[in-house]
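Have a look at protein-v1.txt; it's compact mmCIF, C-alpha atoms and all ligand atoms:
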```txt
# COMPACT_ATOMS: atom_id res chain seq x y z
CA MET A 1 171.59 -93.83 -120.86
CA CYS A 2 169.54 -90.71 -120.43
CA HIS A 3 172.47 -88.70 -119.13
CA HIS A 4 174.56 -89.06 -122.26
CA TYR A 5 172.61 -86.50 -124.20
CA ARG A 6 173.96 -83.02 -124.04
CA ASN A 7 170.48 -81.60 -124.41
CA PRO A 8 167.94 -84.16 -123.37
CA MET A 9 164.53 -83.52 -124.89
CA HIS A 10 162.34 -82.69 -121.96
CA CYS A 11 158.83 -83.85 -122.82
CA ILE A 12 155.73 -82.92 -120.85
CA LEU A 13 154.08 -86.29 -121.47
CA PRO A 14 156.01 -89.18 -119.89
CA PRO A 15 156.66 -92.36 -121.89
CA TYR A 16 154.07 -94.21 -119.82
CA MET A 17 151.40 -91.93 -121.32
CA SER A 18 152.74 -91.13 -124.80
CA ASP A 19 153.27 -94.83 -125.62
CA LYS A 20 149.60 -95.49 -124.88
CA LEU A 21 148.54 -92.73 -127.27
CA GLY A 22 150.79 -94.29 -129.93
CA GLU A 23 149.04 -97.63 -129.44
CA LEU A 24 145.67 -95.95 -129.90
CA LEU A 25 146.63 -94.94 -133.39
CA GLY A 26 146.78 -98.63 -134.26
CA GLU A 27 150.51 -98.61 -134.15
CA GLU A 28 151.09 -101.58 -131.94
CA LYS A 29 153.26 -103.23 -134.53
CA GLN A 30 155.05 -100.10 -135.50
CA GLU A 31 155.42 -98.82 -131.99
CA ALA A 32 158.99 -99.96 -131.59
CA LYS A 33 159.88 -98.41 -134.93
CA SER A 34 158.17 -95.13 -134.14
CA ASN A 35 159.79 -94.92 -130.71
CA GLU A 36 163.12 -95.60 -132.36
CA ARG A 37 162.54 -92.70 -134.79
CA PHE A 38 161.79 -90.43 -131.87
CA ARG A 39 164.95 -91.52 -130.09
CA GLU A 40 166.94 -91.01 -133.27
CA LYS A 41 165.67 -87.45 -133.41
CA ARG A 42 166.61 -86.95 -129.78
CA ARG A 43 170.11 -88.22 -130.51
CA SER A 44 170.54 -86.08 -133.62
CA LEU A 45 169.33 -82.94 -131.86
CA ALA A 46 171.67 -83.62 -128.98
CA ALA A 47 174.61 -84.17 -131.29
CA ILE A 48 174.38 -80.79 -133.00
CA ALA A 49 176.33 -78.06 -131.26
CA PRO A 50 174.12 -75.19 -130.06
CA ALA A 51 176.12 -72.55 -131.92
CA THR A 52 175.23 -74.09 -135.25
CA ARG A 53 171.56 -74.41 -134.40
CA VAL A 54 170.68 -70.92 -133.26
CA PHE A 55 171.36 -69.41 -136.65
CA LYS A 56 167.72 -68.45 -137.03
CA ILE A 57 168.10 -65.31 -134.96
CA ALA A 58 168.83 -62.26 -137.07
CA GLY A 59 171.58 -60.38 -135.28
CA ASP A 60 172.23 -60.56 -131.57
CA PRO A 61 169.20 -60.91 -129.35
CA PRO A 62 168.53 -57.95 -127.06
CA LYS A 63 170.28 -58.45 -123.76
CA THR A 64 167.77 -57.01 -121.34
CA LYS A 65 164.44 -57.21 -123.10
CA LEU A 66 162.05 -59.99 -123.87
CA HIS A 67 162.69 -61.38 -127.35
CA ARG A 68 160.38 -64.07 -128.72
CA GLU A 69 160.21 -65.68 -132.13
CA LEU A 70 157.51 -68.03 -133.35
CA TYR A 71 157.93 -70.67 -136.04
CA ASP A 72 155.32 -72.78 -137.82
CA ALA A 73 156.37 -76.39 -138.45
CA HIS A 74 153.42 -76.77 -140.87
CA GLU A 75 152.42 -80.10 -139.37
CA SER A 76 155.77 -81.68 -140.08
CA PRO A 77 158.80 -82.68 -137.99
CA MET A 78 160.68 -79.65 -139.32
CA GLN A 79 163.30 -78.36 -136.94
CA ILE A 80 163.48 -75.08 -138.77
CA GLY A 81 159.95 -73.99 -139.51
CA GLU A 82 158.68 -70.81 -141.09
CA LEU A 83 159.16 -67.65 -139.03
CA ILE A 84 155.64 -66.30 -138.55
CA TRP A 85 156.13 -63.74 -135.78
CA LYS A 86 158.88 -62.04 -133.85
CA GLU A 87 159.10 -59.53 -131.02
CA GLY A 88 157.98 -56.06 -132.02
CA GLN A 89 155.39 -57.14 -134.59
CA LYS A 90 152.14 -55.66 -133.32
CA LYS A 91 149.80 -58.02 -135.08
CA LEU A 92 149.78 -61.49 -133.58
CA PRO A 93 149.18 -64.50 -135.85
CA ALA A 94 145.52 -65.52 -135.91
CA SER A 95 145.75 -69.07 -134.55
CA ALA A 96 144.96 -69.88 -130.93
CA ASP A 97 148.17 -71.94 -130.69
CA ALA A 98 150.26 -68.96 -131.76
CA LYS A 99 148.55 -66.55 -129.37
CA ARG A 100 148.83 -68.93 -126.42
CA VAL A 101 152.53 -69.65 -126.80
CA ILE A 102 153.49 -66.03 -127.53
CA GLU A 103 151.57 -64.84 -124.48
CA GLY A 104 152.65 -67.86 -122.44
CA ALA A 105 156.37 -67.31 -123.08
CA GLY A 106 155.85 -63.62 -122.25
CA ASN A 107 154.31 -64.59 -118.93
CA VAL A 108 157.12 -67.01 -118.15
CA TRP A 109 159.70 -64.33 -118.95
CA SER A 110 157.88 -61.73 -116.78
CA PHE A 111 157.47 -64.17 -113.88
CA TYR A 112 161.21 -64.82 -113.70
CA LYS A 113 162.08 -61.16 -114.31
CA LYS A 114 159.69 -59.58 -111.81
CA LEU A 115 160.02 -62.10 -109.00
CA PHE A 116 163.65 -63.15 -109.29
CA ASN A 117 165.19 -60.50 -111.56
CA ARG A 118 166.11 -63.27 -113.96
CA ASN A 119 166.93 -62.18 -117.50
CA SER A 120 165.26 -64.90 -119.61
CA ILE A 121 165.99 -68.64 -119.61
CA ASP A 122 169.79 -68.37 -119.38
CA ASN A 123 169.74 -65.16 -117.28
CA LYS A 124 171.62 -63.51 -120.15
CA GLY A 125 168.73 -62.38 -122.31
CA MET A 126 168.37 -65.52 -124.41
CA ALA A 127 165.79 -65.23 -127.19
CA ILE A 128 162.81 -67.53 -126.66
CA LEU A 129 162.24 -69.53 -129.83
CA GLN A 130 159.07 -71.58 -130.14
CA ASN A 131 157.75 -73.93 -132.80
CA ILE A 132 154.06 -74.74 -133.12
CA ARG A 133 152.15 -77.30 -135.20
CA TYR A 134 154.91 -79.81 -134.82
CA ARG A 135 153.95 -83.27 -136.12
CA GLU A 136 155.78 -86.54 -136.63
CA ASN A 137 154.48 -86.89 -140.18
CA LYS A 138 151.40 -86.36 -142.29
CA PHE A 139 149.66 -89.36 -140.76
CA LYS A 140 150.94 -89.26 -137.24
CA PRO A 141 150.26 -86.48 -134.78
CA PHE A 142 152.81 -85.56 -132.16
CA PHE A 143 151.45 -86.03 -128.66
CA ASN A 144 153.85 -83.90 -126.70
CA ALA A 145 155.55 -80.58 -126.06
CA PHE A 146 159.26 -80.37 -125.40
CA TRP A 147 162.25 -78.15 -124.77
CA ASP A 148 165.26 -79.41 -126.73
CA GLY A 149 167.88 -77.36 -124.91
CA GLU A 150 167.36 -74.26 -127.06
CA GLN A 151 163.85 -74.13 -128.41
CA MET A 152 160.30 -75.12 -127.63
CA PHE A 153 158.28 -77.49 -129.78
CA TYR A 154 154.53 -77.98 -129.39
CA GLY A 155 152.67 -80.91 -130.93
CA THR A 156 149.21 -80.51 -132.36
CA GLY A 157 147.98 -83.62 -130.58
CA SER A 158 144.94 -85.22 -132.16
CA PRO A 159 141.45 -83.79 -131.58
CA LYS A 160 140.15 -87.30 -131.01
CA TYR A 161 142.34 -87.91 -127.98
CA THR A 162 143.93 -84.68 -126.78
CA ASN A 163 143.78 -80.93 -127.04
CA SER A 164 146.68 -78.98 -128.49
CA PHE A 165 149.81 -79.10 -126.35
CA THR A 166 149.75 -75.30 -126.18
CA THR A 167 146.57 -75.35 -124.10
CA ASP A 168 147.94 -75.07 -120.55
CA LEU A 169 150.14 -72.22 -119.33
CA ASP A 170 151.72 -74.49 -116.70
CA ILE A 171 152.94 -76.76 -119.51
CA ILE A 172 154.58 -73.83 -121.30
CA GLY A 173 156.04 -72.82 -117.92
CA HIS A 174 157.15 -76.39 -117.18
CA GLU A 175 159.02 -76.76 -120.45
CA LEU A 176 160.72 -73.37 -120.39
CA THR A 177 161.70 -74.00 -116.77
CA HIS A 178 163.62 -77.08 -117.96
CA GLY A 179 165.73 -74.50 -119.77
CA VAL A 180 166.19 -72.46 -116.56
CA ILE A 181 167.19 -75.65 -114.67
CA ASP A 182 169.76 -76.49 -117.36
CA PHE A 183 171.41 -73.10 -116.77
CA GLU A 184 171.33 -73.42 -112.96
CA ALA A 185 171.64 -76.68 -110.99
CA ALA A 186 171.57 -78.64 -114.30
CA LEU A 187 170.19 -81.66 -112.46
CA ASN A 188 171.10 -84.91 -114.23
CA TYR A 189 168.06 -86.28 -116.01
CA GLU A 190 168.09 -89.69 -114.33
CA ASN A 191 166.94 -91.31 -111.09
CA GLN A 192 166.35 -88.94 -108.12
CA SER A 193 168.17 -85.94 -109.63
CA GLY A 194 166.03 -86.42 -112.77
CA ALA A 195 162.87 -86.59 -110.67
CA LEU A 196 163.98 -83.35 -109.00
CA ASN A 197 164.50 -81.83 -112.47
CA GLU A 198 160.94 -82.86 -113.40
CA SER A 199 159.59 -81.63 -110.08
CA TYR A 200 161.28 -78.23 -110.38
CA ALA A 201 159.69 -77.87 -113.83
CA ASP A 202 156.25 -78.73 -112.39
CA VAL A 203 156.73 -76.42 -109.39
CA PHE A 204 157.62 -73.36 -111.47
CA GLY A 205 155.16 -74.30 -114.23
CA ILE A 206 152.28 -74.24 -111.73
CA LEU A 207 153.63 -71.14 -109.94
CA ILE A 208 153.65 -69.23 -113.25
CA LYS A 209 150.00 -70.18 -113.76
CA GLN A 210 149.07 -69.23 -110.19
CA TRP A 211 150.98 -65.93 -110.48
CA VAL A 212 149.27 -64.93 -113.74
CA ASN A 213 145.82 -65.84 -112.37
CA LYS A 214 146.60 -64.46 -108.88
CA THR A 215 145.53 -67.75 -107.28
CA PRO A 216 146.61 -68.23 -103.65
CA ALA A 217 148.04 -71.62 -102.61
CA ARG A 218 144.95 -72.81 -100.77
CA LYS A 219 142.59 -71.92 -103.63
CA ALA A 220 144.72 -73.53 -106.36
CA LYS A 221 144.03 -76.98 -107.80
CA TRP A 222 147.71 -77.90 -108.19
CA LEU A 223 147.00 -79.87 -111.36
CA ILE A 224 149.58 -80.06 -114.15
CA GLY A 225 148.11 -80.02 -117.66
CA GLU A 226 144.49 -80.02 -116.63
CA ASN A 227 143.26 -79.19 -120.15
CA ILE A 228 145.41 -81.43 -122.33
CA LEU A 229 143.51 -84.69 -122.03
CA LYS A 230 139.88 -85.08 -122.94
CA GLY A 231 137.54 -85.27 -119.99
CA PRO A 232 138.25 -84.33 -116.38
CA ASN A 233 141.77 -85.75 -116.31
CA ALA A 234 145.03 -83.88 -115.69
CA LEU A 235 148.55 -85.20 -116.25
CA ARG A 236 149.70 -84.90 -112.62
CA SER A 237 148.46 -83.70 -109.26
CA MET A 238 150.87 -82.03 -106.84
CA LYS A 239 148.24 -81.91 -104.12
CA ALA A 240 147.51 -85.64 -104.35
CA PRO A 241 149.98 -87.45 -106.61
CA GLY A 242 148.46 -90.63 -108.03
CA THR A 243 144.98 -89.14 -108.45
CA ALA A 244 145.30 -87.08 -111.65
CA TYR A 245 143.39 -89.82 -113.49
CA LYS A 246 141.76 -93.06 -112.40
CA LYS A 247 140.61 -96.02 -114.49
CA ASP A 248 141.05 -93.96 -117.62
CA ALA A 249 140.20 -95.90 -120.79
CA VAL A 250 143.55 -95.01 -122.35
CA PHE A 251 145.94 -94.34 -119.49
CA GLY A 252 144.62 -96.49 -116.65
CA ASP A 253 145.60 -95.11 -113.24
CA ASP A 254 147.99 -92.28 -112.47
CA PRO A 255 151.13 -94.10 -111.25
CA GLN A 256 152.76 -91.21 -109.35
CA PRO A 257 153.77 -91.77 -105.71
CA GLY A 258 153.51 -88.90 -103.22
CA ILE A 259 155.60 -90.41 -100.41
CA MET A 260 158.95 -92.24 -100.20
CA LYS A 261 157.31 -95.48 -99.07
CA ASP A 262 155.82 -95.76 -102.57
CA PHE A 263 159.00 -94.75 -104.45
CA VAL A 264 158.99 -96.43 -107.88
CA LYS A 265 162.19 -98.29 -108.77
CA LEU A 266 162.77 -98.42 -112.50
CA PRO A 267 165.87 -98.99 -114.63
CA ASN A 268 167.81 -95.98 -115.87
CA THR A 269 166.81 -96.53 -119.50
CA GLU A 270 164.44 -94.64 -121.78
CA ASP A 271 161.82 -97.34 -121.35
CA GLY A 272 162.32 -97.06 -117.60
CA ASP A 273 161.65 -93.29 -117.83
CA CYS A 274 165.32 -92.66 -116.93
CA GLY A 275 164.78 -94.31 -113.56
CA GLY A 276 161.21 -93.12 -113.12
CA VAL A 277 161.78 -89.37 -113.35
CA HIS A 278 158.11 -88.65 -114.17
CA TYR A 279 156.91 -91.07 -111.51
CA ASN A 280 158.96 -90.08 -108.47
CA SER A 281 158.74 -86.34 -109.17
CA GLY A 282 155.41 -86.77 -107.36
CA ILE A 283 157.31 -86.94 -104.05
CA PRO A 284 159.19 -83.58 -104.19
CA ASN A 285 156.10 -82.09 -105.90
CA HIS A 286 154.04 -83.07 -102.90
CA ALA A 287 156.66 -81.77 -100.45
CA PHE A 288 156.46 -78.37 -102.19
CA TYR A 289 152.67 -78.40 -102.10
CA ILE A 290 152.64 -79.16 -98.36
CA ALA A 291 155.11 -76.33 -97.64
CA ALA A 292 153.15 -73.85 -99.78
CA TYR A 293 149.81 -74.85 -98.27
CA GLU A 294 151.23 -74.56 -94.78
CA LEU A 295 152.53 -71.05 -95.50
CA ASP A 296 149.17 -69.95 -96.92
CA GLY A 297 149.07 -66.82 -99.13
CA ASN A 298 150.71 -66.89 -102.56
CA ALA A 299 152.95 -69.89 -103.14
CA TRP A 300 155.40 -67.96 -105.35
CA GLU A 301 156.22 -65.44 -102.62
CA LYS A 302 157.79 -67.69 -100.00
CA ALA A 303 157.91 -71.37 -101.00
CA GLY A 304 158.74 -70.38 -104.60
CA ALA A 305 161.49 -68.00 -103.47
CA ILE A 306 163.04 -70.74 -101.28
CA TRP A 307 162.97 -73.32 -104.08
CA TYR A 308 164.42 -70.83 -106.59
CA ALA A 309 167.26 -69.84 -104.23
CA ALA A 310 168.15 -73.53 -103.78
CA LEU A 311 168.13 -74.08 -107.56
CA GLN A 312 170.62 -71.25 -107.99
CA ASP A 313 173.07 -72.54 -105.38
CA LYS A 314 175.25 -75.16 -107.04
CA SER A 315 177.14 -75.78 -103.79
CA LEU A 316 173.91 -77.04 -102.23
CA LEU A 317 172.06 -78.53 -105.18
CA LYS A 318 174.60 -80.45 -107.24
CA LYS A 319 173.95 -82.11 -110.60
CA ASP A 320 173.44 -85.50 -108.96
CA ALA A 321 171.42 -84.22 -105.98
CA ASP A 322 168.95 -86.66 -104.45
CA PHE A 323 165.74 -85.82 -102.56
CA THR A 324 167.59 -85.58 -99.24
CA ALA A 325 170.00 -83.04 -100.76
CA ALA A 326 167.03 -81.02 -102.07
CA ALA A 327 165.47 -81.11 -98.60
CA SER A 328 168.71 -79.91 -97.03
CA ALA A 329 169.20 -77.17 -99.69
CA THR A 330 165.66 -75.79 -99.33
CA LEU A 331 165.89 -75.89 -95.52
CA LYS A 332 169.16 -73.94 -95.62
CA LYS A 333 167.66 -71.38 -98.01
CA ALA A 334 164.51 -71.07 -95.87
CA THR A 335 166.78 -70.34 -92.90
CA SER A 336 168.93 -67.76 -94.72
CA LEU A 337 165.91 -66.01 -96.29
CA PHE A 338 163.48 -66.10 -93.35
CA GLY A 339 165.49 -66.91 -90.23
CA LYS A 340 166.21 -69.86 -87.98
CA GLY A 341 163.12 -71.47 -86.51
CA SER A 342 160.84 -69.32 -88.74
CA ALA A 343 157.41 -70.45 -89.92
CA GLU A 344 158.96 -70.83 -93.37
CA VAL A 345 161.61 -73.26 -92.15
CA LYS A 346 158.95 -75.24 -90.27
CA ALA A 347 156.71 -75.41 -93.35
CA VAL A 348 159.53 -76.69 -95.57
CA GLU A 349 160.47 -79.22 -92.92
CA LYS A 350 156.87 -80.40 -92.71
CA GLY A 351 156.79 -80.96 -96.49
CA TRP A 352 159.89 -83.16 -96.56
CA LYS A 353 158.92 -84.98 -93.35
CA GLU A 354 155.38 -85.83 -94.42
CA THR A 355 156.65 -87.23 -97.71
CA GLY A 356 159.15 -89.37 -95.78
CA VAL A 357 162.23 -87.79 -97.38
CA ILE A 358 163.70 -86.74 -94.01
ZN ZN B 401 159.48 -82.19 -117.94
```
Before anything else, please render the file you have as structure tokens.
Amino acid sequence: MCHHYRNPMHCILPPYMSDKLGELLGEEKQEAKSNERFREKRRSLAAIAPATRVFKIAGDPPKTKLHRELYDAHESPMQIGELIWKEGQKKLPASADAKRVIEGAGNVWSFYKKLFNRNSIDNKGMAILQNIRYRENKFKPFFNAFWDGEQMFYGTGSPKYTNSFTTDLDIIGHELTHGVIDFEAALNYENQSGALNESYADVFGILIKQWVNKTPARKAKWLIGENILKGPNALRSMKAPGTAYKKDAVFGDDPQPGIMKDFVKLPNTEDGDCGGVHYNSGIPNHAFYIAAYELDGNAWEKAGAIWYAALQDKSLLKKDADFTAAASATLKKATSLFGKGSAEVKAVEKGWKETGVI
């Protein structure tokens, strides 16, 4: 039923990981109840029309400049926290969370502006609203970060099990890119189109990190969320899906496939991760990695440009696009941007072929 929500809440941590963190808090018995509360929130957020929810912005947001606002949820599930900073205020709030998300959103905005001349998330100068220190309640931390269709929310996590969900720039980039996707191909958040939605968010999340740190494709680690979990674990690996964590005491083994042969079939329900969107995103993720590695240099310059052009072309990448459609769209864009038979076309082809998509 994932596609019924107007604004699905796009969480960085998939249900197969967040449920395990819930269990750790001794909530086995209450798990169903707590999940139901979360779903209720998702439904209520989705039901409220955007126009009535963006009332926090004073006046019209600037149309061509970066405009960020930061809200403090004060460790509660408040949807309208306290405004603690907005664009133009020289002094940043003192907390590391605040600094990271203000800077992070600025980097995301600049990445899209400088590389693709995109004017914010909606390409119309949308203000970037972010909420930190989000928590389910006094006793229960919130182990996630999400984009709700209009704003970002970052959970505090719990120092015992995770770092703050503001820690990784690629996670900030991933979540804000869900917003960009919603305004472009708007890929349905279910089954293969949902896995493409997840993959696009990972691809641009990691490209934003590589761009800021000037890391070329062959030097990058291609790990999503490498600082969120305690220890050496990341959430996902684009280079080698299925290896981000192994025999972890909490999470077990990373279940992501990297090739079509291992495609995970799950029901299109919330418990089934909307048809395995966070599982099978490993396949297009890996196809992108192969193309970028093959092209050498900076991944955002060629592979990123091809993927972005495909995302913007609704005639090629439709809402219900499957992996084959994404392969065809990126191949067409590689051809129009770099020429027939070019090294770029060959690299993209290699990515989709080696993952078994074409
Ligand atoms: Zn996501």
Using all atoms listed in the file, which of A:Ser328, A:Asn298, A:Asn191, A:Gln312 sits nearest A:Trp211?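 Looking at the shortest contact to A:Trp211, the residue is A:Asn298.
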Would you compute the box with edges along x, y and z of the file around stretch 185-191 of chain A, including every atom the file lists for it and 3 Å extra on each side, and give its centre and edge lengths in Å to one decimal, as AutoDock Vina command-line options?
```
--center_x 169.3 --center_y -84.0 --center_z -113.5 --size_x 10.7 --size_y 20.6 --size_z 11.0
```
Using all atoms listed in the file, can you tell me which of A:Phe183, A:Tyr112, A:Phe204, A:Phe263 comes closest to A:Glu150?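 The answer is A:Phe183, which sits nearest to A:Glu150.
Within the 9 Å cut-off around A:Gln130, using only C-alpha atoms and omitting residues fewer than 2 positions from it on the same chain, the listed residues are A:Arg68, A:Glu69, A:Leu70, A:Tyr71, A:Asp72, A:Val101, A:Ile102, A:Ala105, A:Ile128, A:Ile132, A:Gln151, A:Met152, A:Phe153, A:Tyr154.
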Nearest to A:Trp300 among A:Lys214, A:Glu82, A:Lys333, A:Ser281, with distances taken over only C-alpha atoms: which residue is it?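 Of all the options, A:Lys214 lies closest to A:Trp300.
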Using only C-alpha atoms, pick whichever of A:Leu311, A:Ala220, A:Cys274, A:Leu25 has the shortest atom-to-atom distance to A:Gly297.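 The closest residue to A:Gly297 is A:Ala220.
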Neighbourhood of ligand ZN 401 (chain B) at 12 Å, counting all atoms listed in the file, reported as a PyMOL selection string: chain A and resi 8-15+144-149+170-182+189-190+194-205+224-225+235-236+273+277-279+281
For A:Ser158, list every protein, DNA or RNA residue within 9 Å, evaluated using only C-alpha atoms, and leave out those in the same chain fewer than 2 positions away; present the list as a ChimeraX atom specification. /A:140-143,155-156,160-164
Around (158.9, -86.8, -102.7), as given in the file, which residues come within 7 Å? Count only C-alpha atoms and list them as a PyMOL selection string. chain A and resi 258-260+280-287+323+355+357
So that I can see what lies close to A:Ala309, please list as a VMD selection string the residues with an atom at most 9 Å from it, counting only C-alpha atoms and leaving out residues fewer than 5 positions away in the same chain. chain A and resid 304 329 to 330 333 to 334 337
Point-to-point distance in Å for atom CA of A:Gly339 and atom CA of A:Thr215: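 According to the coordinates, atom CA of A:Thr215 and atom CA of A:Gly339 are separated by 26.3 Å.
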Counting all atoms listed in the file, closest pick from A:Ala327, A:Val345, A:Leu169, A:Leu266 relative to A:Lys99 is A:Leu169
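If only C-alpha atoms are the atoms counted, then among A:Ala321, A:Thr64, A:Tyr16, A:Pro77 the closest residue to A:Gly272 is A:Tyr16.
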